[in-house]
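Dumped query36.cif below, it's mmCIF, C-alpha atoms and all ligand atoms:
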data_run
loop_
_atom_site.label_atom_id
_atom_site.label_comp_id
_atom_site.auth_asym_id
_atom_site.auth_seq_id
_atom_site.Cartn_x
_atom_site.Cartn_y
_atom_site.Cartn_z
CA MET A 796 37.63 6.17 -107.84
CA SER A 797 40.71 3.96 -107.44
CA ASP A 798 43.99 5.47 -108.63
CA ARG A 799 45.04 2.11 -110.13
CA VAL A 800 43.71 -0.09 -112.90
CA GLY A 801 44.85 -3.71 -112.97
CA VAL A 802 45.17 -4.98 -116.53
CA ILE A 803 45.38 -8.70 -117.27
CA MET A 804 47.41 -9.11 -120.46
CA ASN A 805 47.22 -12.42 -122.33
CA GLY A 806 49.43 -13.10 -125.38
CA VAL A 807 52.36 -10.87 -124.39
CA THR A 808 54.90 -13.38 -125.64
CA GLY A 809 53.61 -12.72 -129.17
CA ARG A 810 54.69 -10.08 -131.66
CA MET A 811 51.84 -7.62 -131.10
CA GLY A 812 51.24 -8.39 -127.45
CA TYR A 813 54.84 -7.80 -126.43
CA ARG A 814 56.06 -4.95 -128.58
CA GLN A 815 53.00 -2.78 -129.18
CA HIS A 816 50.74 -3.53 -126.22
CA LEU A 817 53.09 -4.30 -123.34
CA VAL A 818 56.26 -2.33 -124.09
CA ARG A 819 55.06 0.58 -126.19
CA SER A 820 51.66 1.01 -124.51
CA VAL A 821 51.09 -0.28 -120.98
CA LEU A 822 54.72 0.00 -119.78
CA ALA A 823 55.09 3.38 -121.50
CA ILE A 824 51.93 4.57 -119.71
CA ARG A 825 53.25 3.17 -116.42
CA ALA A 826 56.56 5.01 -116.98
CA GLN A 827 54.82 8.32 -117.66
CA GLY A 828 52.90 7.99 -114.38
CA GLY A 829 49.59 6.73 -115.70
CA VAL A 830 46.62 7.86 -117.79
CA THR A 831 45.56 11.49 -117.40
CA LEU A 832 41.80 11.92 -116.94
CA SER A 833 39.71 14.91 -118.00
CA ASP A 834 39.90 16.47 -114.50
CA GLY A 835 43.71 16.36 -114.62
CA SER A 836 44.06 13.45 -112.18
CA ARG A 837 46.12 10.37 -113.05
CA VAL A 838 45.34 6.69 -112.90
CA GLN A 839 48.20 4.22 -112.93
CA VAL A 840 48.06 0.94 -114.88
CA GLU A 841 49.31 -2.33 -113.40
CA PRO A 842 49.93 -5.21 -115.79
CA ILE A 843 49.25 -8.81 -114.76
CA LEU A 844 50.78 -11.13 -117.36
CA VAL A 845 49.20 -14.40 -118.48
CA GLY A 846 50.77 -16.91 -120.84
CA ARG A 847 51.00 -20.60 -121.59
CA ARG A 848 54.74 -21.02 -121.15
CA ASP A 849 56.00 -20.45 -117.62
CA ALA A 850 59.60 -19.61 -118.59
CA ALA A 851 58.63 -17.18 -121.35
CA VAL A 852 56.19 -15.21 -119.20
CA ARG A 853 58.50 -15.19 -116.19
CA GLU A 854 61.36 -13.89 -118.34
CA ILE A 855 59.27 -10.98 -119.65
CA ALA A 856 57.97 -10.17 -116.16
CA GLU A 857 61.50 -10.10 -114.73
CA ARG A 858 62.88 -8.09 -117.64
CA HIS A 859 60.28 -5.37 -117.09
CA ASP A 860 59.91 -5.48 -113.32
CA ILE A 861 56.33 -6.78 -113.42
CA GLN A 862 55.41 -8.42 -110.11
CA ARG A 863 52.27 -10.27 -111.10
CA TRP A 864 52.19 -13.02 -113.72
CA THR A 865 50.68 -16.47 -114.07
CA THR A 866 50.15 -19.34 -116.49
CA ASP A 867 46.60 -19.83 -115.24
CA LEU A 868 43.98 -17.53 -116.73
CA ASP A 869 41.37 -18.36 -114.06
CA THR A 870 43.76 -17.26 -111.30
CA ALA A 871 44.26 -13.93 -113.04
CA LEU A 872 40.52 -13.51 -113.63
CA ALA A 873 39.81 -14.17 -109.94
CA ASP A 874 41.97 -11.17 -108.96
CA PRO A 875 39.57 -8.40 -107.85
CA SER A 876 42.18 -5.67 -108.45
CA ALA A 877 42.14 -6.43 -112.18
CA GLN A 878 39.38 -4.48 -113.90
CA VAL A 879 40.48 -5.06 -117.50
CA TYR A 880 41.24 -8.21 -119.50
CA PHE A 881 43.29 -7.72 -122.68
CA ASP A 882 43.85 -10.40 -125.31
CA ALA A 883 46.50 -10.50 -128.06
CA GLN A 884 46.65 -14.27 -128.41
CA LEU A 885 46.39 -15.83 -131.81
CA THR A 886 42.87 -15.19 -133.11
CA SER A 887 41.47 -18.70 -132.68
CA ALA A 888 42.34 -18.73 -128.95
CA ARG A 889 40.67 -15.41 -128.16
CA GLY A 890 36.91 -16.10 -128.05
CA ALA A 891 36.91 -18.54 -125.12
CA ALA A 892 39.30 -16.42 -123.04
CA VAL A 893 37.34 -13.20 -123.62
CA ALA A 894 34.07 -14.97 -122.74
CA ALA A 895 35.62 -16.18 -119.47
CA ALA A 896 36.78 -12.62 -118.71
CA ILE A 897 33.29 -11.23 -119.31
CA ARG A 898 31.83 -13.91 -117.03
CA ALA A 899 34.36 -12.82 -114.38
CA GLY A 900 33.04 -9.24 -114.70
CA LYS A 901 36.10 -7.77 -116.39
CA HIS A 902 36.03 -5.02 -119.01
CA VAL A 903 37.48 -6.49 -122.19
CA TYR A 904 39.88 -5.03 -124.74
CA ALA A 905 41.12 -7.16 -127.63
CA GLU A 906 43.29 -7.28 -130.70
CA LYS A 907 41.51 -7.59 -134.02
CA PRO A 908 39.91 -9.76 -135.26
CA VAL A 909 38.04 -10.14 -131.97
CA THR A 910 37.24 -13.74 -132.95
CA SER A 911 37.38 -15.87 -136.08
CA THR A 912 33.67 -15.41 -136.94
CA ALA A 913 31.35 -12.39 -136.90
CA ALA A 914 28.62 -14.43 -135.18
CA GLU A 915 30.97 -15.21 -132.30
CA ALA A 916 32.03 -11.55 -132.06
CA VAL A 917 28.39 -10.38 -131.95
CA GLU A 918 27.72 -12.99 -129.26
CA LEU A 919 30.63 -11.63 -127.17
CA ALA A 920 29.48 -8.04 -127.76
CA THR A 921 25.95 -8.91 -126.63
CA MET A 922 27.29 -10.84 -123.65
CA ALA A 923 29.47 -7.88 -122.61
CA LYS A 924 26.56 -5.49 -123.06
CA SER A 925 24.23 -7.48 -120.83
CA ALA A 926 27.00 -8.03 -118.25
CA GLY A 927 27.47 -4.25 -118.15
CA VAL A 928 31.19 -4.42 -118.96
CA LYS A 929 32.95 -2.17 -121.46
CA HIS A 930 34.34 -3.70 -124.63
CA GLY A 931 36.87 -2.36 -127.11
CA VAL A 932 38.87 -3.56 -130.08
CA VAL A 933 42.15 -2.30 -131.52
CA HIS A 934 41.71 0.21 -134.39
CA ASP A 935 45.37 1.05 -134.81
CA LYS A 936 45.44 2.17 -138.44
CA LEU A 937 43.28 5.21 -137.61
CA PHE A 938 46.13 6.46 -135.43
CA LEU A 939 48.76 6.36 -138.14
CA PRO A 940 50.05 9.88 -138.79
CA GLY A 941 49.28 9.53 -142.52
CA LEU A 942 45.66 8.64 -141.81
CA ILE A 943 45.33 11.35 -139.14
CA LYS A 944 46.32 13.83 -141.85
CA LEU A 945 43.87 12.23 -144.27
CA ARG A 946 41.11 12.62 -141.69
CA ARG A 947 41.97 16.32 -141.38
CA LEU A 948 41.49 16.69 -145.13
CA VAL A 949 38.15 14.85 -145.04
CA ASP A 950 36.92 16.87 -142.06
CA GLY A 951 38.02 20.11 -143.73
CA GLY A 952 36.08 19.31 -146.92
CA PHE A 953 39.25 19.26 -149.05
CA PHE A 954 37.98 16.59 -151.45
CA GLY A 955 34.61 18.06 -152.41
CA ARG A 956 32.58 14.95 -153.27
CA ILE A 957 34.69 11.85 -152.66
CA LEU A 958 34.55 9.53 -155.65
CA SER A 959 36.93 6.68 -155.00
CA VAL A 960 39.67 5.20 -152.84
CA ARG A 961 42.51 2.97 -154.04
CA GLY A 962 44.56 1.16 -151.46
CA GLU A 963 47.71 -0.92 -151.83
CA PHE A 964 48.84 -2.92 -148.84
CA GLY A 965 51.53 -5.51 -148.76
CA TYR A 966 55.08 -6.69 -148.97
CA TRP A 967 56.94 -9.90 -149.62
CA VAL A 968 56.65 -12.35 -146.71
CA PHE A 969 59.47 -14.84 -146.96
CA GLU A 970 58.50 -18.45 -147.36
CA GLY A 971 60.86 -19.54 -144.57
CA ASP A 972 63.16 -21.90 -146.49
CA ARG A 973 66.08 -19.77 -147.62
CA GLN A 974 65.38 -16.95 -145.17
CA PRO A 975 63.15 -17.13 -142.06
CA SER A 976 59.63 -15.78 -142.51
CA GLN A 977 58.83 -12.44 -140.88
CA ARG A 978 55.27 -13.50 -139.97
CA PRO A 979 54.09 -16.39 -137.75
CA SER A 980 53.17 -19.61 -139.57
CA TRP A 981 49.61 -19.64 -138.13
CA ASN A 982 48.88 -16.71 -140.47
CA TYR A 983 48.96 -19.24 -143.35
CA ARG A 984 46.72 -21.89 -141.72
CA LEU A 985 42.94 -21.41 -141.88
CA ALA A 986 42.32 -23.65 -138.86
CA ASP A 987 44.42 -21.29 -136.70
CA GLY A 988 42.54 -18.16 -137.79
CA GLY A 989 45.03 -17.25 -140.53
CA GLY A 990 44.46 -15.63 -143.93
CA ILE A 991 45.06 -12.11 -145.19
CA THR A 992 41.36 -11.46 -145.83
CA LEU A 993 40.42 -12.02 -142.18
CA ASP A 994 43.52 -10.14 -141.08
CA MET A 995 43.24 -7.06 -143.28
CA PHE A 996 39.53 -6.61 -144.08
CA CYS A 997 38.99 -6.00 -140.35
CA HIS A 998 41.29 -3.00 -140.72
CA TRP A 999 39.77 -1.81 -144.00
CA SER A 1000 36.29 -1.97 -142.44
CA TYR A 1001 37.01 0.56 -139.68
CA VAL A 1002 39.38 2.67 -141.79
CA LEU A 1003 36.72 3.13 -144.49
CA GLU A 1004 33.86 3.44 -142.00
CA ASN A 1005 35.58 6.12 -139.94
CA LEU A 1006 37.17 8.12 -142.75
CA ILE A 1007 34.93 7.75 -145.79
CA GLY A 1008 31.74 5.71 -145.25
CA ARG A 1009 30.29 2.34 -144.22
CA VAL A 1010 30.98 -0.58 -146.55
CA ARG A 1011 27.69 -1.87 -147.99
CA ALA A 1012 28.88 -4.48 -150.51
CA VAL A 1013 32.03 -6.31 -151.54
CA THR A 1014 33.36 -8.15 -154.58
CA ALA A 1015 36.61 -9.92 -153.87
CA LYS A 1016 39.03 -12.57 -155.00
CA ALA A 1017 41.07 -14.22 -152.27
CA VAL A 1018 43.87 -16.50 -153.36
CA THR A 1019 46.69 -18.62 -151.97
CA HIS A 1020 49.62 -17.78 -154.23
CA ILE A 1021 52.31 -19.65 -152.28
CA PRO A 1022 51.28 -23.29 -151.62
CA ASP A 1023 54.15 -24.30 -149.26
CA ARG A 1024 55.93 -22.44 -146.51
CA TRP A 1025 58.39 -23.32 -143.70
CA ASP A 1026 57.37 -22.83 -140.06
CA GLU A 1027 59.22 -21.57 -136.97
CA ARG A 1028 60.98 -24.95 -136.61
CA GLY A 1029 62.06 -24.97 -140.23
CA GLU A 1030 59.47 -27.61 -141.16
CA ARG A 1031 57.70 -27.43 -144.48
CA TYR A 1032 53.88 -27.16 -144.37
CA ALA A 1033 51.10 -26.76 -146.90
CA THR A 1034 49.38 -23.37 -146.63
CA THR A 1035 45.60 -23.46 -146.27
CA ALA A 1036 44.88 -19.74 -145.91
CA ASP A 1037 44.73 -16.95 -148.48
CA ASP A 1038 47.85 -14.81 -148.84
CA ALA A 1039 46.40 -12.15 -151.18
CA ALA A 1040 42.97 -10.55 -151.57
CA TYR A 1041 41.88 -8.23 -154.38
CA ALA A 1042 38.69 -6.37 -153.47
CA ILE A 1043 36.16 -3.77 -154.55
CA PHE A 1044 34.15 -2.24 -151.70
CA GLU A 1045 30.97 -0.21 -152.29
CA LEU A 1046 30.49 2.47 -149.65
CA ASP A 1047 27.79 4.93 -148.67
CA ASP A 1048 27.16 7.75 -151.20
CA ASP A 1049 28.35 5.62 -154.14
CA VAL A 1050 32.03 5.84 -153.18
CA ILE A 1051 34.05 2.92 -154.58
CA ALA A 1052 37.12 1.65 -152.73
CA GLN A 1053 39.48 -0.86 -154.33
CA ILE A 1054 42.06 -2.34 -152.02
CA ASN A 1055 44.73 -4.93 -152.79
CA SER A 1056 46.12 -6.78 -149.77
CA SER A 1057 49.04 -9.09 -150.40
CA TRP A 1058 51.88 -10.88 -148.65
CA CYS A 1059 53.22 -11.84 -152.09
CA VAL A 1060 54.09 -8.47 -153.57
CA ARG A 1061 57.35 -6.56 -153.78
CA VAL A 1062 57.14 -2.95 -152.70
CA ASP A 1063 57.43 -0.14 -155.23
CA ARG A 1064 55.69 2.46 -153.08
CA ASP A 1065 56.84 4.96 -150.48
CA GLU A 1066 55.17 3.01 -147.66
CA LEU A 1067 53.83 -0.50 -146.93
CA VAL A 1068 50.29 0.79 -147.19
CA GLU A 1069 49.06 3.69 -149.31
CA PHE A 1070 45.57 5.01 -149.99
CA GLN A 1071 44.75 7.38 -152.83
CA VAL A 1072 41.51 9.29 -152.34
CA ASP A 1073 40.10 11.11 -155.37
CA GLY A 1074 37.43 13.78 -155.02
CA THR A 1075 35.91 16.44 -157.25
CA GLU A 1076 37.96 19.20 -155.58
CA GLY A 1077 41.20 17.39 -154.86
CA SER A 1078 43.08 14.16 -154.28
CA ALA A 1079 45.38 12.81 -151.59
CA VAL A 1080 47.77 9.90 -151.16
CA ALA A 1081 48.18 8.84 -147.55
CA GLY A 1082 50.57 6.25 -146.15
CA LEU A 1083 51.70 5.23 -142.69
CA ARG A 1084 53.31 8.55 -141.94
CA SER A 1085 53.07 10.88 -144.91
CA CYS A 1086 50.21 12.38 -146.86
CA ARG A 1087 50.38 14.46 -150.01
CA VAL A 1088 47.71 16.35 -151.89
CA GLN A 1089 46.85 17.83 -155.25
CA HIS A 1090 44.06 20.38 -155.43
CA ARG A 1091 41.74 20.75 -158.43
CA SER A 1092 43.20 24.21 -159.17
CA MET A 1093 46.73 22.71 -159.21
CA THR A 1094 45.92 19.66 -161.32
CA PRO A 1095 48.04 19.33 -164.49
CA LYS A 1096 46.48 18.33 -167.81
CA PRO A 1097 48.31 15.28 -169.16
CA VAL A 1098 47.72 14.26 -172.78
CA TRP A 1099 48.02 10.61 -173.79
CA ASN A 1100 50.77 10.25 -176.38
CA PRO A 1101 52.85 7.06 -176.34
CA ASP A 1102 55.01 8.33 -179.22
CA VAL A 1103 57.01 10.70 -177.00
CA PRO A 1104 58.64 10.12 -173.60
CA THR A 1105 56.70 11.39 -170.58
CA ALA A 1106 57.93 14.91 -169.84
CA GLU A 1107 55.94 15.54 -166.68
CA GLU A 1108 57.22 14.47 -163.29
CA PHE A 1109 53.90 13.43 -161.84
CA ARG A 1110 55.21 12.58 -158.36
CA LYS A 1111 56.56 16.11 -158.00
CA GLN A 1112 53.16 17.66 -158.63
CA TRP A 1113 51.89 16.89 -155.12
CA ALA A 1114 52.29 18.96 -151.95
CA PRO A 1115 52.99 17.38 -148.55
CA VAL A 1116 50.50 17.80 -145.72
CA PRO A 1117 52.52 19.07 -142.71
CA ASP A 1118 52.61 17.13 -139.44
CA ASN A 1119 51.61 20.17 -137.32
CA ASP A 1120 51.68 17.82 -134.34
CA GLU A 1121 53.65 15.18 -132.48
CA PHE A 1122 52.15 11.76 -133.01
CA ASP A 1123 52.28 9.37 -130.07
CA ASN A 1124 52.26 5.57 -130.59
CA GLY A 1125 48.75 4.72 -131.82
CA PHE A 1126 48.44 1.59 -129.68
CA LYS A 1127 49.28 3.62 -126.58
CA VAL A 1128 46.76 6.33 -127.46
CA GLN A 1129 44.08 3.64 -127.79
CA TRP A 1130 45.03 2.13 -124.41
CA GLU A 1131 44.69 5.55 -122.80
CA GLN A 1132 41.30 6.01 -124.45
CA PHE A 1133 40.10 2.59 -123.32
CA VAL A 1134 41.24 3.10 -119.70
CA ARG A 1135 39.42 6.47 -119.64
CA HIS A 1136 36.37 4.72 -121.04
CA VAL A 1137 36.51 2.02 -118.36
CA LEU A 1138 36.63 4.73 -115.71
CA GLY A 1139 33.58 6.43 -117.22
CA ASP A 1140 35.66 9.40 -118.35
CA SER A 1141 35.01 9.17 -122.11
CA PRO A 1142 33.06 7.25 -124.74
CA HIS A 1143 34.75 4.62 -126.92
CA GLU A 1144 33.19 3.97 -130.30
CA TYR A 1145 35.52 1.13 -131.33
CA ASP A 1146 33.61 -1.62 -129.59
CA PHE A 1147 33.06 -5.33 -130.28
CA PHE A 1148 30.16 -4.51 -132.62
CA ALA A 1149 32.60 -2.48 -134.77
CA GLY A 1150 35.00 -5.44 -134.49
CA ALA A 1151 32.22 -7.78 -135.63
CA ARG A 1152 31.55 -5.56 -138.67
CA GLY A 1153 35.20 -6.02 -139.65
CA ILE A 1154 34.96 -9.80 -139.42
CA ALA A 1155 31.64 -9.76 -141.29
CA LEU A 1156 33.35 -7.84 -144.10
CA ALA A 1157 36.06 -10.50 -144.25
CA GLU A 1158 33.45 -13.26 -144.31
CA CYS A 1159 31.56 -11.50 -147.11
CA GLY A 1160 34.84 -11.07 -149.02
CA LEU A 1161 35.65 -14.77 -148.71
CA ARG A 1162 32.12 -15.70 -149.75
CA SER A 1163 32.30 -13.35 -152.72
CA SER A 1164 35.53 -15.02 -153.75
CA ALA A 1165 34.21 -18.56 -153.33
CA GLU A 1166 30.91 -17.89 -155.11
CA GLY A 1167 32.27 -15.48 -157.73
CA ARG A 1168 29.73 -12.76 -157.00
CA ARG A 1169 29.05 -9.44 -155.25
CA ILE A 1170 27.92 -9.79 -151.63
CA GLU A 1171 25.97 -7.24 -149.57
CA VAL A 1172 27.39 -6.72 -146.09
CA PRO A 1173 24.89 -7.29 -143.24
CA GLU A 1174 24.06 -4.48 -140.83
CA ILE A 1175 25.64 -5.05 -137.40
CA ALA A 1176 24.97 -2.54 -134.63
CA PRO A 1177 24.30 -2.62 -130.86
N1 LIG B 1201 46.48 -4.59 -135.00
C1 LIG B 1201 47.36 -5.05 -135.86
O1 LIG B 1201 47.85 -4.36 -136.73
C2 LIG B 1201 47.78 -6.50 -135.79
C3 LIG B 1201 48.95 -6.92 -136.45
C4 LIG B 1201 49.32 -8.26 -136.35
C5 LIG B 1201 48.55 -9.14 -135.62
N2 LIG B 1201 47.41 -8.70 -135.01
C6 LIG B 1201 46.56 -9.63 -134.23
O2 LIG B 1201 47.22 -9.88 -132.99
C7 LIG B 1201 47.02 -11.24 -132.61
C8 LIG B 1201 48.39 -11.89 -132.35
O3 LIG B 1201 49.14 -11.86 -133.53
P1 LIG B 1201 50.75 -11.95 -133.51
O4 LIG B 1201 51.20 -11.61 -134.88
O5 LIG B 1201 51.27 -11.18 -132.35
O6 LIG B 1201 50.94 -13.52 -133.26
P2 LIG B 1201 52.10 -14.31 -132.51
O7 LIG B 1201 52.08 -15.67 -133.07
O8 LIG B 1201 53.37 -13.54 -132.51
O9 LIG B 1201 51.58 -14.36 -131.00
C9 LIG B 1201 50.52 -15.19 -130.60
C10 LIG B 1201 50.35 -15.18 -129.10
O10 LIG B 1201 49.27 -16.08 -128.79
C11 LIG B 1201 49.73 -17.04 -127.84
N3 LIG B 1201 49.03 -18.31 -128.05
C12 LIG B 1201 47.99 -18.74 -127.30
N4 LIG B 1201 47.56 -19.92 -127.71
C13 LIG B 1201 48.33 -20.28 -128.76
C14 LIG B 1201 48.38 -21.44 -129.60
N5 LIG B 1201 47.51 -22.44 -129.44
N6 LIG B 1201 49.29 -21.46 -130.59
C15 LIG B 1201 50.15 -20.41 -130.76
N7 LIG B 1201 50.15 -19.31 -130.00
C16 LIG B 1201 49.25 -19.23 -128.99
C17 LIG B 1201 51.24 -17.12 -128.07
O11 LIG B 1201 51.87 -17.65 -126.93
C18 LIG B 1201 51.58 -15.66 -128.34
O12 LIG B 1201 51.69 -14.96 -127.12
C19 LIG B 1201 46.22 -11.90 -133.74
O13 LIG B 1201 44.86 -11.96 -133.40
C20 LIG B 1201 46.41 -10.97 -134.91
O14 LIG B 1201 45.31 -10.96 -135.79
C21 LIG B 1201 47.03 -7.41 -135.08
#

Mind turning the file's structure into structure tokens?
Amino acid sequence: MSDRVGVIMNGVTGRMGYRQHLVRSVLAIRAQGGVTLSDGSRVQVEPILVGRRDAAVREIAERHDIQRWTTDLDTALADPSAQVYFDAQLTSARGAAVAAAIRAGKHVYAEKPVTSTAAEAVELATMAKSAGVKHGVVHDKLFLPGLIKLRRLVDGGFFGRILSVRGEFGYWVFEGDRQPSQRPSWNYRLADGGGITLDMFCHWSYVLENLIGRVRAVTAKAVTHIPDRWDERGERYATTADDAAYAIFELDDDVIAQINSSWCVRVDRDELVEFQVDGTEGSAVAGLRSCRVQHRSMTPKPVWNPDVPTAEEFRKQWAPVPDNDEFDNGFKVQWEQFVRHVLGDSPHEYDFFAGARGIALAECGLRSSAEGRRIEVPEIAP
């Protein structure tokens, strides 16, 4: 087995591609001496950057001492030392590039959503399967310390029978006129693969599936609250994509999950995302980093009486779940897992079929919203 894995990285001038995937994952792995395999040996990763703008890619390559970079995807794909193609371009650009990588015999790893439609993602998954290349999609939320702690509680049977999940995700995304927006403008254009439903339901699909149960049906309302925004050049544009989605998901074993996703909400929470899970034996509230619990035997007995001020301090009636661990960057952990998978060292369940299930959930949510009815989610599996 070679002691090096060449990794073509496309989209590294973008927010996710640069910060999370290049700097905090691949370069951090390179700096630590590579990925450790199950037999204790190490395999080094070698990034090969691809991007549309010569100056931008060159600048990143020079800043980080990366020898190989190009503006031509085909040149990168023709390089036999590159076993993996990674894509963090904007969603609408991904499908064609990933298909070309599969045709070139590369293993493929991609940001979510893999593509803009579930049908296209299934097509890529099937193509990868018959080409015999490995395929993986980013599942970063599962690696958040708060959700790792939540998984511990689920695995330990803390909840008894899980009844429901309530999730709140969101924050105020500036319109871009008086203050610059903190998200790219393509997020608000449907034609460019934008929209919070497509963005976030992909996450909710694998979070629910891996922690609680598969989503079987959805009832959702997706809306565009803010009709005009200002782009990166300060120019006003009409938004065409949804910026908030209010959803009810029906999961296996009659568990109900309600999740609000919004870029038009001001935060009165401890974290930008929080999930409350209620079960017969206990409840938990998990965020990005923290998780707190209340067991059945410790549950207070509030009595509804609007005539007197609330005496109980409800937020103080929860106990924190300890870290008991050091949590590495979730994107980096996934990169290490995928490289091990490529080398035949471990399985990787977060494949393009899982990615397609996420997109299918978003499509069902958007259909539910448009048609004003509950939609059953189709079964997608290898
Ligand atoms: N896992 C997560 O939590 C998470 C979070 C945010 C975004 N994402 C996903 O990552 C991907 C990139 O998102 P981002 O926020 O980094 O976007 P971004 O706009 O910051 O970056 C987009 C990248 O795509 C490239 N690109 C290629 N063709 C383009 C075109 N025609 N127009 C504009 N850019 C083009 C850009 O050069 C840039 O490198 C998206 O698919 C998005 O859904 C995932």

Name all residues at most 8 Å from Gln1089 in chain A (count all atoms listed in the file; drop same-chain ones fewer than 2 positions away) and give them as a list in words.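 Those residues are Gly1077, Ser1078, Ala1079, Arg1087, Arg1091, Met1093, Thr1094, Gln1112, Trp1113 and Ala1114 of chain A.
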
May I have the centre and edge lengths, in Å to one decimal, of an axis-aligned box around the listed atoms of ligand LIG 1201 (chain B) with 5 Å added to every side, as lines of an AutoDock Vina configuration file?
center_x = 49.1
center_y = -13.4
center_z = -131.8
size_x = 18.5
size_y = 28.1
size_z = 19.8

Point (50.8, 6.8, -128.1), cut-off 8 Å, counting only C-alpha atoms, residues as a list in words: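 Taken together, the residues in range are Arg819, Ser820, Phe1122, Asp1123, Asn1124, Gly1125, Phe1126, Lys1127, Val1128 and Gln1129 of chain A.
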
Give me, as JSON, numbers by chain, the set of residues whose atoms come within 10 Å of any atom of ligand LIG 1201 (chain B), counting only C-alpha atoms and all ligand atoms. {"A": [804, 805, 806, 807, 808, 809, 810, 811, 812, 813, 814, 815, 816, 845, 846, 847, 848, 851, 852, 882, 883, 884, 885, 886, 887, 888, 889, 892, 905, 906, 907, 908, 909, 910, 911, 932, 933, 934, 935, 936, 977, 978, 979, 980, 981, 982, 987, 988, 989, 990, 991, 993, 994, 995, 997, 998, 1126]}

Go ahead and find all residues with at least one atom no further than 10 Å from (35.5, 11.6, -152.8) in the file's coordinates, using only C-alpha atoms; report them as a PyMOL selection string. chain A and resi 949+952-960+1007+1048-1051+1072-1078

Given the choices A:Pro940, A:Pro842, A:Gly951, A:Gly900, which gets closest to Ala923 in chain A if the distance is worked out from all atoms listed in the file?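 Looking at the shortest contact to Ala923 in chain A, the residue is A:Gly900.
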
Got a sec: who's within 8 Å of range 864-875 of chain A, counting all atoms listed in the file, leaving out chain neighbours fewer than 2 positions off, as a list in words? Ile803, Ile843, Leu844, Val845, Gly846, Arg847, Arg848, Asp849, Val852, Arg853, Ala856, Ile861, Gln862, Ala877, Gln878, Tyr880, Ala892, Ala896, Ala899 and Lys901 of chain A

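Of the residues listed (A:Leu948, A:Ala826, A:Val879, A:Ala1052), A:Leu948 shows the shortest atom-to-atom separation from Pro1117 in chain A; distances use only C-alpha atoms.
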
Between CA of Leu945 in chain A and CA of Ser1092 in chain A, what is the spacing in Å?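 Separation between CA of Ser1092 in chain A and CA of Leu945 in chain A: 19.1 Å.
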
Distance CA of Pro975 in chain A-CA of Ala1033 in chain A, one decimal place?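 Atom-to-atom, CA of Pro975 in chain A and CA of Ala1033 in chain A are spaced 16.2 Å apart.
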
Using only C-alpha atoms, pick whichever of A:Ala894, A:Val800, A:Ala1106, A:Val917 has the shortest atom-to-atom distance to Ile1175 in chain A. A:Val917

Using all atoms listed in the file, which of A:Thr831, A:Thr992, A:Ser797, A:Gln839 sits nearest Leu1161 in chain A?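 Distance minimum relative to Leu1161 in chain A lands on A:Thr992.
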
Near Thr912 in chain A, counting all atoms listed in the file, which residues have an atom at most 9 Å away, once you skip same-chain residues fewer than 6 positions from it, shown as an MDAnalysis selection string? chainID A and resid 1151 1154:1155 1158

Calculate how many Å separate CA of Arg1152 in chain A from CA of His930 in chain A, rounding to one decimal.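 That distance, rounded to one decimal, is 14.4 Å.
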
Which of A:Ile1170, A:Leu1003, A:Val1116, A:Ile824 sits closest to Ala1081 in chain A [using all atoms listed in the file]: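 Closest candidate: A:Val1116.
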
Would you mind writing range 1140-1149 of chain A with N, CA and C atoms, as an mmCIF file, in the coordinates of the input?
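Below is the file rebuild_37.cif, written as the result:
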data_model
loop_
_atom_site.group_PDB
_atom_site.id
_atom_site.type_symbol
_atom_site.label_atom_id
_atom_site.label_comp_id
_atom_site.auth_asym_id
_atom_site.auth_seq_id
_atom_site.Cartn_x
_atom_site.Cartn_y
_atom_site.Cartn_z
ATOM 1 N N ASP A 1140 35.179 8.048 -118.062
ATOM 2 C CA ASP A 1140 35.660 9.400 -118.350
ATOM 3 C C ASP A 1140 35.447 9.797 -119.809
ATOM 4 N N SER A 1141 35.212 8.816 -120.699
ATOM 5 C CA SER A 1141 35.010 9.170 -122.110
ATOM 6 C C SER A 1141 34.340 8.015 -122.853
ATOM 7 N N PRO A 1142 33.657 8.333 -123.941
ATOM 8 C CA PRO A 1142 33.060 7.250 -124.740
ATOM 9 C C PRO A 1142 34.128 6.524 -125.540
ATOM 10 N N HIS A 1143 33.787 5.376 -126.115
ATOM 11 C CA HIS A 1143 34.750 4.620 -126.920
ATOM 12 C C HIS A 1143 33.965 3.927 -128.024
ATOM 13 N N GLU A 1144 34.072 4.482 -129.234
ATOM 14 C CA GLU A 1144 33.190 3.970 -130.300
ATOM 15 C C GLU A 1144 33.702 2.673 -130.935
ATOM 16 N N TYR A 1145 34.955 2.315 -130.657
ATOM 17 C CA TYR A 1145 35.520 1.130 -131.330
ATOM 18 C C TYR A 1145 35.265 -0.115 -130.486
ATOM 19 N N ASP A 1146 33.997 -0.521 -130.462
ATOM 20 C CA ASP A 1146 33.610 -1.620 -129.590
ATOM 21 C C ASP A 1146 33.556 -2.956 -130.348
ATOM 22 N N PHE A 1147 33.104 -3.997 -129.654
ATOM 23 C CA PHE A 1147 33.060 -5.330 -130.280
ATOM 24 C C PHE A 1147 32.094 -5.372 -131.466
ATOM 25 N N PHE A 1148 31.067 -4.510 -131.462
ATOM 26 C CA PHE A 1148 30.160 -4.510 -132.620
ATOM 27 C C PHE A 1148 30.927 -3.999 -133.861
ATOM 28 N N ALA A 1149 31.760 -2.960 -133.656
ATOM 29 C CA ALA A 1149 32.600 -2.480 -134.770
ATOM 30 C C ALA A 1149 33.561 -3.595 -135.193
#
